[in-house]
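*Asks:* query_4.cif is the file, holding mmCIF, C-alpha atoms:
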data_model
#
loop_
_atom_site.group_PDB
_atom_site.id
_atom_site.type_symbol
_atom_site.label_atom_id
_atom_site.label_comp_id
_atom_site.auth_asym_id
_atom_site.auth_seq_id
_atom_site.Cartn_x
_atom_site.Cartn_y
_atom_site.Cartn_z
ATOM 1 C CA MET A 1246 93.468 92.056 99.797
ATOM 2 C CA GLN A 1247 94.376 95.691 100.384
ATOM 3 C CA TYR A 1248 93.841 97.240 103.810
ATOM 4 C CA GLY A 1249 92.586 100.808 103.872
ATOM 5 C CA PHE A 1250 91.116 103.499 106.119
ATOM 6 C CA TYR A 1251 87.744 105.240 106.111
ATOM 7 C CA PHE A 1252 87.427 108.670 107.709
ATOM 8 C CA ASP A 1253 84.188 110.622 108.185
ATOM 9 C CA ALA A 1254 85.159 114.296 108.036
ATOM 10 C CA ASP A 1255 81.628 115.404 108.833
ATOM 11 C CA ARG A 1256 81.763 113.821 112.296
ATOM 12 C CA CYS A 1257 85.297 114.770 113.346
ATOM 13 C CA GLY A 1258 85.647 117.351 116.113
ATOM 14 C CA SER A 1259 89.448 117.597 115.878
ATOM 15 C CA CYS A 1260 89.971 116.129 119.359
ATOM 16 C CA LYS A 1261 93.160 114.413 118.116
ATOM 17 C CA ALA A 1262 92.603 111.290 120.234
ATOM 18 C CA CYS A 1263 93.697 109.298 117.164
ATOM 19 C CA VAL A 1264 96.986 111.216 117.069
ATOM 20 C CA MET A 1265 97.640 110.622 120.771
ATOM 21 C CA ALA A 1266 96.780 106.911 120.540
ATOM 22 C CA CYS A 1267 99.145 106.479 117.599
ATOM 23 C CA ARG A 1268 101.925 108.314 119.393
ATOM 24 C CA ASP A 1269 101.406 106.290 122.565
ATOM 25 C CA LYS A 1270 101.335 102.963 120.720
ATOM 26 C CA ASN A 1271 104.459 103.694 118.673
ATOM 27 C CA ASP A 1272 106.305 105.721 121.339
ATOM 28 C CA THR A 1273 107.133 108.381 118.760
ATOM 29 C CA LEU A 1274 108.861 111.653 119.540
ATOM 30 C CA LEU A 1275 106.831 114.825 119.999
ATOM 31 C CA SER A 1276 108.179 116.151 116.696
ATOM 32 C CA LEU A 1277 106.962 113.072 114.764
ATOM 33 C CA LYS A 1278 103.343 112.209 114.014
ATOM 34 C CA ASN A 1279 102.461 109.040 112.156
ATOM 35 C CA ARG A 1280 98.857 110.300 112.139
ATOM 36 C CA ASN A 1281 97.936 113.945 111.949
ATOM 37 C CA VAL A 1282 94.736 116.000 112.036
ATOM 38 C CA ILE A 1283 94.584 118.839 109.526
ATOM 39 C CA ASP A 1284 92.149 121.652 110.289
ATOM 40 C CA PHE A 1285 91.066 123.375 107.096
ATOM 41 C CA GLY A 1286 88.851 126.398 106.734
ATOM 42 C CA GLY A 1287 88.024 129.396 104.649
ATOM 43 C CA GLY A 1288 85.444 131.965 103.686
ATOM 44 C CA ARG A 1289 85.487 135.683 103.021
ATOM 45 C CA TRP A 1290 84.734 139.065 104.502
ATOM 46 C CA VAL A 1291 82.089 141.222 102.839
ATOM 47 C CA GLU A 1292 80.755 144.688 103.486
ATOM 48 C CA LYS A 1293 77.004 144.872 104.123
ATOM 49 C CA ASP A 1294 75.111 147.890 105.375
ATOM 50 C CA GLY A 1295 78.349 149.598 106.297
ATOM 51 C CA LEU A 1296 79.590 146.634 108.337
ATOM 52 C CA VAL A 1297 82.303 144.119 107.427
ATOM 53 C CA GLN A 1298 80.959 140.645 108.135
ATOM 54 C CA PRO A 1299 82.114 137.056 107.571
ATOM 55 C CA GLU A 1300 80.325 135.140 104.809
ATOM 56 C CA ASN A 1301 80.392 131.476 103.842
ATOM 57 C CA VAL A 1302 82.809 130.674 106.648
ATOM 58 C CA PHE A 1303 83.584 126.975 107.043
ATOM 59 C CA VAL A 1304 86.016 124.686 108.839
ATOM 60 C CA TYR A 1305 86.489 120.939 108.952
ATOM 61 C CA SER A 1306 89.155 118.466 110.045
ATOM 62 C CA ILE A 1307 90.866 115.617 108.198
ATOM 63 C CA SER A 1308 92.609 112.815 110.099
ATOM 64 C CA ILE A 1309 95.364 111.498 107.866
ATOM 65 C CA SER A 1310 98.187 108.969 108.097
ATOM 66 C CA CYS A 1311 99.984 106.829 105.546
ATOM 67 C CA ASN A 1312 97.371 105.782 102.995
ATOM 68 C CA HIS A 1313 99.116 102.515 102.040
ATOM 69 C CA CYS A 1314 98.688 103.523 98.431
ATOM 70 C CA GLU A 1315 98.189 101.255 95.456
ATOM 71 C CA SER A 1316 101.189 102.974 93.831
ATOM 72 C CA PRO A 1317 103.216 104.261 96.801
ATOM 73 C CA ALA A 1318 105.735 106.907 95.779
ATOM 74 C CA CYS A 1319 107.791 106.166 98.900
ATOM 75 C CA VAL A 1320 108.344 102.539 97.830
ATOM 76 C CA ALA A 1321 109.125 103.497 94.235
ATOM 77 C CA ASN A 1322 111.719 106.077 95.270
ATOM 78 C CA CYS A 1323 113.437 104.451 98.264
ATOM 79 C CA PRO A 1324 117.092 103.900 97.266
ATOM 80 C CA THR A 1325 117.734 101.034 99.698
ATOM 81 C CA GLY A 1326 114.506 99.046 99.511
ATOM 82 C CA ALA A 1327 113.618 99.957 103.095
ATOM 83 C CA MET A 1328 110.083 100.901 102.090
ATOM 84 C CA ILE A 1329 108.105 97.715 101.538
ATOM 85 C CA LYS A 1330 104.514 97.014 100.502
ATOM 86 C CA ARG A 1331 103.344 93.721 102.051
ATOM 87 C CA ASP A 1332 102.019 91.289 99.465
ATOM 88 C CA GLU A 1333 99.284 89.790 101.643
ATOM 89 C CA ASP A 1334 97.492 93.012 102.639
ATOM 90 C CA GLY A 1335 99.152 95.963 100.894
ATOM 91 C CA ILE A 1336 100.449 97.548 104.098
ATOM 92 C CA VAL A 1337 103.437 99.833 103.486
ATOM 93 C CA TYR A 1338 106.071 99.727 106.232
ATOM 94 C CA VAL A 1339 109.705 100.598 106.903
ATOM 95 C CA ASP A 1340 112.442 97.995 107.322
ATOM 96 C CA GLU A 1341 114.583 99.994 109.740
ATOM 97 C CA SER A 1342 117.484 97.579 109.345
ATOM 98 C CA VAL A 1343 118.172 98.914 105.840
ATOM 99 C CA CYS A 1344 116.768 102.457 106.180
ATOM 100 C CA ILE A 1345 119.459 105.152 106.023
ATOM 101 C CA GLY A 1346 117.196 108.072 106.918
ATOM 102 C CA CYS A 1347 117.919 109.887 103.673
ATOM 103 C CA GLY A 1348 114.424 111.405 103.437
ATOM 104 C CA THR A 1349 113.830 110.449 99.793
ATOM 105 C CA CYS A 1350 110.555 108.758 100.757
ATOM 106 C CA ALA A 1351 109.404 111.803 102.693
ATOM 107 C CA ASN A 1352 110.100 114.057 99.718
ATOM 108 C CA ALA A 1353 108.322 111.692 97.316
ATOM 109 C CA CYS A 1354 105.101 111.202 99.297
ATOM 110 C CA PRO A 1355 102.440 113.786 98.329
ATOM 111 C CA TYR A 1356 100.722 113.249 101.693
ATOM 112 C CA GLY A 1357 103.878 113.834 103.756
ATOM 113 C CA ALA A 1358 103.377 110.534 105.584
ATOM 114 C CA PRO A 1359 106.996 109.379 106.107
ATOM 115 C CA LYS A 1360 108.981 111.436 108.609
ATOM 116 C CA VAL A 1361 112.731 111.190 109.221
ATOM 117 C CA SER A 1362 113.747 110.902 112.853
ATOM 118 C CA GLU A 1363 116.987 112.839 113.127
ATOM 119 C CA GLU A 1364 117.524 111.371 116.589
ATOM 120 C CA ARG A 1365 117.191 107.746 115.430
ATOM 121 C CA GLY A 1366 118.431 108.232 111.870
ATOM 122 C CA VAL A 1367 115.574 106.297 110.261
ATOM 123 C CA THR A 1368 112.173 106.999 108.766
ATOM 124 C CA SER A 1369 109.003 106.699 110.818
ATOM 125 C CA LYS A 1370 105.508 106.223 109.397
ATOM 126 C CA CYS A 1371 102.179 104.507 110.010
ATOM 127 C CA ASN A 1372 102.460 100.748 109.565
ATOM 128 C CA PHE A 1373 98.716 100.189 110.108
ATOM 129 C CA CYS A 1374 99.520 98.724 113.549
ATOM 130 C CA MET A 1375 100.296 95.547 111.629
ATOM 131 C CA ASP A 1376 101.467 93.840 114.824
ATOM 132 C CA TYR A 1377 97.977 94.385 116.281
ATOM 133 C CA LEU A 1378 96.348 93.189 113.044
ATOM 134 C CA ASP A 1379 98.495 90.060 112.981
ATOM 135 C CA GLU A 1380 97.154 89.284 116.486
ATOM 136 C CA GLY A 1381 93.532 89.885 115.457
ATOM 137 C CA GLY A 1382 93.400 93.436 116.830
ATOM 138 C CA ARG A 1383 92.614 96.835 115.343
ATOM 139 C CA PRO A 1384 94.698 99.948 114.622
ATOM 140 C CA ALA A 1385 95.139 102.097 117.730
ATOM 141 C CA CYS A 1386 93.754 105.205 116.018
ATOM 142 C CA VAL A 1387 90.500 103.434 115.091
ATOM 143 C CA ASP A 1388 89.916 102.206 118.641
ATOM 144 C CA ALA A 1389 90.699 105.636 120.125
ATOM 145 C CA CYS A 1390 88.359 107.741 117.966
ATOM 146 C CA LEU A 1391 85.689 109.139 120.296
ATOM 147 C CA MET A 1392 83.251 109.977 117.495
ATOM 148 C CA ARG A 1393 83.839 106.747 115.548
ATOM 149 C CA CYS A 1394 85.046 108.725 112.550
ATOM 150 C CA LEU A 1395 87.629 106.088 111.648
ATOM 151 C CA ASP A 1396 87.101 102.618 110.258
ATOM 152 C CA PHE A 1397 89.432 100.145 108.542
ATOM 153 C CA GLY A 1398 89.326 96.958 106.537
ATOM 154 C CA ASP A 1399 89.635 95.580 103.029
ATOM 155 C CA ILE A 1400 89.437 98.664 100.820
ATOM 156 C CA ALA A 1401 87.022 96.891 98.414
ATOM 157 C CA GLU A 1402 84.605 96.230 101.278
ATOM 158 C CA LEU A 1403 84.987 99.775 102.607
ATOM 159 C CA ARG A 1404 84.183 101.203 99.166
ATOM 160 C CA GLU A 1405 81.100 99.022 98.958
ATOM 161 C CA LYS A 1406 80.002 100.280 102.386
ATOM 162 C CA TYR A 1407 80.976 103.970 102.199
ATOM 163 C CA GLY A 1408 81.529 104.869 98.534
ATOM 164 C CA ASP A 1409 84.805 105.815 96.902
ATOM 165 C CA ALA A 1410 85.367 109.522 97.634
ATOM 166 C CA CYS A 1411 89.002 110.157 98.528
ATOM 167 C CA ASP A 1412 89.634 113.736 97.415
ATOM 168 C CA VAL A 1413 89.000 116.850 99.464
ATOM 169 C CA ALA A 1414 90.866 120.099 100.006
ATOM 170 C CA PRO A 1415 93.611 120.444 101.164
ATOM 171 C CA LEU A 1416 94.733 116.885 100.297
ATOM 172 C CA PRO A 1417 96.597 116.242 97.032
ATOM 173 C CA SER A 1418 94.859 114.547 94.131
ATOM 174 C CA SER A 1419 94.311 110.833 94.646
ATOM 175 C CA SER A 1420 95.401 110.260 91.043
ATOM 176 C CA GLU A 1421 99.044 110.635 92.095
ATOM 177 C CA THR A 1422 99.346 107.452 94.177
ATOM 178 C CA ARG A 1423 95.826 105.927 94.371
ATOM 179 C CA PRO A 1424 95.535 105.935 98.181
ATOM 180 C CA SER A 1425 93.727 103.215 100.122
ATOM 181 C CA LEU A 1426 91.536 105.875 101.689
ATOM 182 C CA ILE A 1427 87.825 106.656 101.655
ATOM 183 C CA LEU A 1428 86.356 109.892 102.949
ATOM 184 C CA GLY A 1429 82.975 110.794 104.300
ATOM 185 C CA LEU A 1430 83.080 114.300 102.853
ATOM 186 C CA PRO A 1431 82.267 117.370 104.934
ATOM 187 C CA LYS A 1432 78.835 118.813 104.210
ATOM 188 C CA ASN A 1433 80.250 121.746 102.243
ATOM 189 C CA ALA A 1434 82.252 119.608 99.796
ATOM 190 C CA ASP A 1435 80.971 117.945 96.645
ATOM 191 C CA GLU A 1436 81.702 114.415 95.417
ATOM 192 C CA ASP A 1437 84.981 115.550 93.847
ATOM 193 C CA GLY A 1438 86.149 117.034 97.147
ATOM 194 C CA ALA A 1439 85.885 120.640 95.969
ATOM 195 C CA VAL A 1440 84.442 123.099 98.459
ATOM 196 C CA ILE A 1441 81.049 124.159 97.144
ATOM 197 C CA ASN A 1442 80.446 127.738 95.989
ATOM 198 C CA LEU A 1443 83.033 129.296 98.256
ATOM 199 C CA GLU A 1444 85.869 131.687 97.592
ATOM 200 C CA GLN A 1445 88.494 129.891 99.645
ATOM 201 C CA GLU A 1446 91.013 131.576 101.816
ATOM 202 C CA LEU A 1447 92.956 129.697 104.447
ATOM 203 C CA LEU A 1448 92.119 130.991 107.901
#
Write the structure described by the file as structure tokens, please.
*Replies:*
Amino acid sequence: MQYGFYFDADRCGSCKACVMACRDKNDTLLSLKNRNVIDFGGGRWVEKDGLVQPENVFVYSISISCNHCESPACVANCPTGAMIKRDEDGIVYVDESVCIGCGTCANACPYGAPKVSEERGVTSKCNFCMDYLDEGGRPACVDACLMRCLDFGDIAELREKYGDACDVAPLPSSSETRPSLILGLPKNADEDGAVINLEQELL
């Protein structure tokens, strides 16, 4: 089995309750976020009838954490073996007892999931709340989501339920690490995650 996340970008209002729940559960520093919400937007300005007006303006939010990838770059590049992918459920976690806080994992991950805590001298990242899962619970971010944008489970079952889209701007290509992530795409993105018929400019 491989655990994964589902996120519905079309329902998210960027409230960041998932971020706060994760921070509260893991008691992370303000400078570290094991889950983050990325607000992405674009559009253009055009001149019509002597007036400059916005056209095709869009914005959406993506809640992202470690994707517990099928081929995690952090695990492959960790020099001490501190990054581990659990055999029974594919969860990627940090063994802090052997982590030296070198940042190699952070540099290798295309999603920027691992973060080095300079204060503690080790890497911090989402571990899927595996202590909660081992007790029959759910990840804190999933329980906290006000709009029920987040779901979790066996990635095969999630794909059967929601489809297999996992690419959308501004995330990197899923071909790099094969993330255990499924996205409900925003209404102005196609099945490949490209924004439809828009000349993009970051707002």
*Asks:* Please measure the separation of CA of Val1367 (chain A) and CA of Val1337 (chain A), giving the value in Å to one decimal.
*Replies:*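 Pair CA of Val1367 (chain A) / CA of Val1337 (chain A) returns 15.3 Å.
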*Asks:* Can you tell me, as an mmCIF file with C-alpha atoms, in the frame of the given file, what residues are no more than 7 Å from region 1381-1393 of chain A when counting all atoms listed in the file, ignoring any on the same chain fewer than 2 positions away?
*Replies:*
data_model
loop_
_atom_site.group_PDB
_atom_site.id
_atom_site.type_symbol
_atom_site.label_atom_id
_atom_site.label_comp_id
_atom_site.auth_asym_id
_atom_site.auth_seq_id
_atom_site.Cartn_x
_atom_site.Cartn_y
_atom_site.Cartn_z
ATOM 1 C CA ARG A 1256 81.763 113.821 112.296
ATOM 2 C CA CYS A 1257 85.297 114.770 113.346
ATOM 3 C CA ALA A 1262 92.603 111.290 120.234
ATOM 4 C CA CYS A 1263 93.697 109.298 117.164
ATOM 5 C CA VAL A 1264 96.986 111.216 117.069
ATOM 6 C CA ALA A 1266 96.780 106.911 120.540
ATOM 7 C CA CYS A 1267 99.145 106.479 117.599
ATOM 8 C CA LYS A 1270 101.335 102.963 120.720
ATOM 9 C CA PHE A 1373 98.716 100.189 110.108
ATOM 10 C CA CYS A 1374 99.520 98.724 113.549
ATOM 11 C CA TYR A 1377 97.977 94.385 116.281
ATOM 12 C CA LEU A 1378 96.348 93.189 113.044
ATOM 13 C CA ASP A 1379 98.495 90.060 112.981
ATOM 14 C CA LEU A 1395 87.629 106.088 111.648
ATOM 15 C CA ASP A 1396 87.101 102.618 110.258
#
*Asks:* So what do you get for CA of Asn1281 (chain A) versus CA of Lys1360 (chain A), distance-wise?
*Replies:*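 According to the coordinates, CA of Asn1281 (chain A) and CA of Lys1360 (chain A) are separated by 11.8 Å.
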*Asks:* Measuring atom to atom with only C-alpha atoms, identify which of A:Tyr1407, A:Tyr1356, A:Tyr1248, A:Tyr1305 is nearest to Gly1287 (chain A).
*Replies:*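 Result for the nearest residue to Gly1287 (chain A): A:Tyr1305.
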*Asks:* As JSON, numbers by chain, please: the residues near Gly1348 (chain A) (cut-off 12 Å, all atoms listed in the file, same-chain neighbours under 5 positions excluded).
*Replies:* {"A": [1319, 1322, 1323, 1324, 1325, 1327, 1328, 1353, 1354, 1357, 1358, 1359, 1360, 1361, 1362, 1363, 1366, 1367, 1368, 1369, 1370]}
*Asks:* Using all atoms listed in the file, find each residue of region 1279-1314 of chain A with at least one atom at most 8 Å away from an atom of region 1415-1437 of chain A; report its shortest atom-to-atom pair and that distance in Å (one decimal), sort the rows by chain and rising residue number, and return the result as CSV.
*Replies:*
residue,atom,partner,partner_atom,distance
A:Phe1285,CA,A:Pro1415,CA,7.1
A:Phe1303,CA,A:Asn1433,CA,7.8
A:Tyr1305,CA,A:Pro1431,CA,6.8
A:Asn1312,CA,A:Pro1424,CA,5.2
A:His1313,CA,A:Ser1425,CA,5.8
A:Cys1314,CA,A:Pro1424,CA,4.0
*Asks:* Using only C-alpha atoms, which residue out of A:Cys1260, A:Ser1316, A:Ile1307, A:Arg1331 lies closest to Asp1412 (chain A)?
*Replies:*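 Distance minimum relative to Asp1412 (chain A) lands on A:Ile1307.
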*Asks:* List the residues matched by the PyMOL selection byres ((chain A and resi 1399) around 12) in the displayed structure as an MDAnalysis selection string, ordered by chain and then by residue number.
*Replies:* chainID A and resid 1246:1251 1313 1333:1336 1396:1398 1400:1406 1425:1427
*Asks:* Mind pulling up the distance from CA of Lys1330 (chain A) to CA of Lys1278 (chain A)?
*Replies:* 20.4 Å
*Asks:* Need the shell around Pro1299 (chain A): protein/DNA/RNA residues with any atom at most 9 Å away, counting all atoms listed in the file. Skip same-chain ones fewer than 5 positions apart. Format as a VMD selection string?
*Replies:* chain A and resid 1288 to 1292
*Asks:* Could those selected residues go to a file with C-alpha atoms, as a JSON list (two decimals), in the frame of the given file?
*Replies:*
[["chain", "number", "residue", "atom", "x", "y", "z"],
["A", 1288, "GLY", "CA", 85.44, 131.96, 103.69],
["A", 1289, "ARG", "CA", 85.49, 135.68, 103.02],
["A", 1290, "TRP", "CA", 84.73, 139.06, 104.50],
["A", 1291, "VAL", "CA", 82.09, 141.22, 102.84],
["A", 1292, "GLU", "CA", 80.76, 144.69, 103.49]]
*Asks:* Determine the nearest neighbour of Ile1329 (chain A) from the options A:Asp1272, A:Ala1414, A:Gln1298, A:Asn1372, counting all atoms listed in the file.
*Replies:* A:Asn1372
*Asks:* With 4 Å of padding per side, what axis-aligned box (centre and edge lengths, Å, one decimal) covers all the listed atoms of region 1427-1435 of chain A? Give it as JSON.
*Replies:*
{"center_x": 83.3, "center_y": 114.2, "center_z": 100.8, "size_x": 17.0, "size_y": 23.1, "size_z": 16.3}
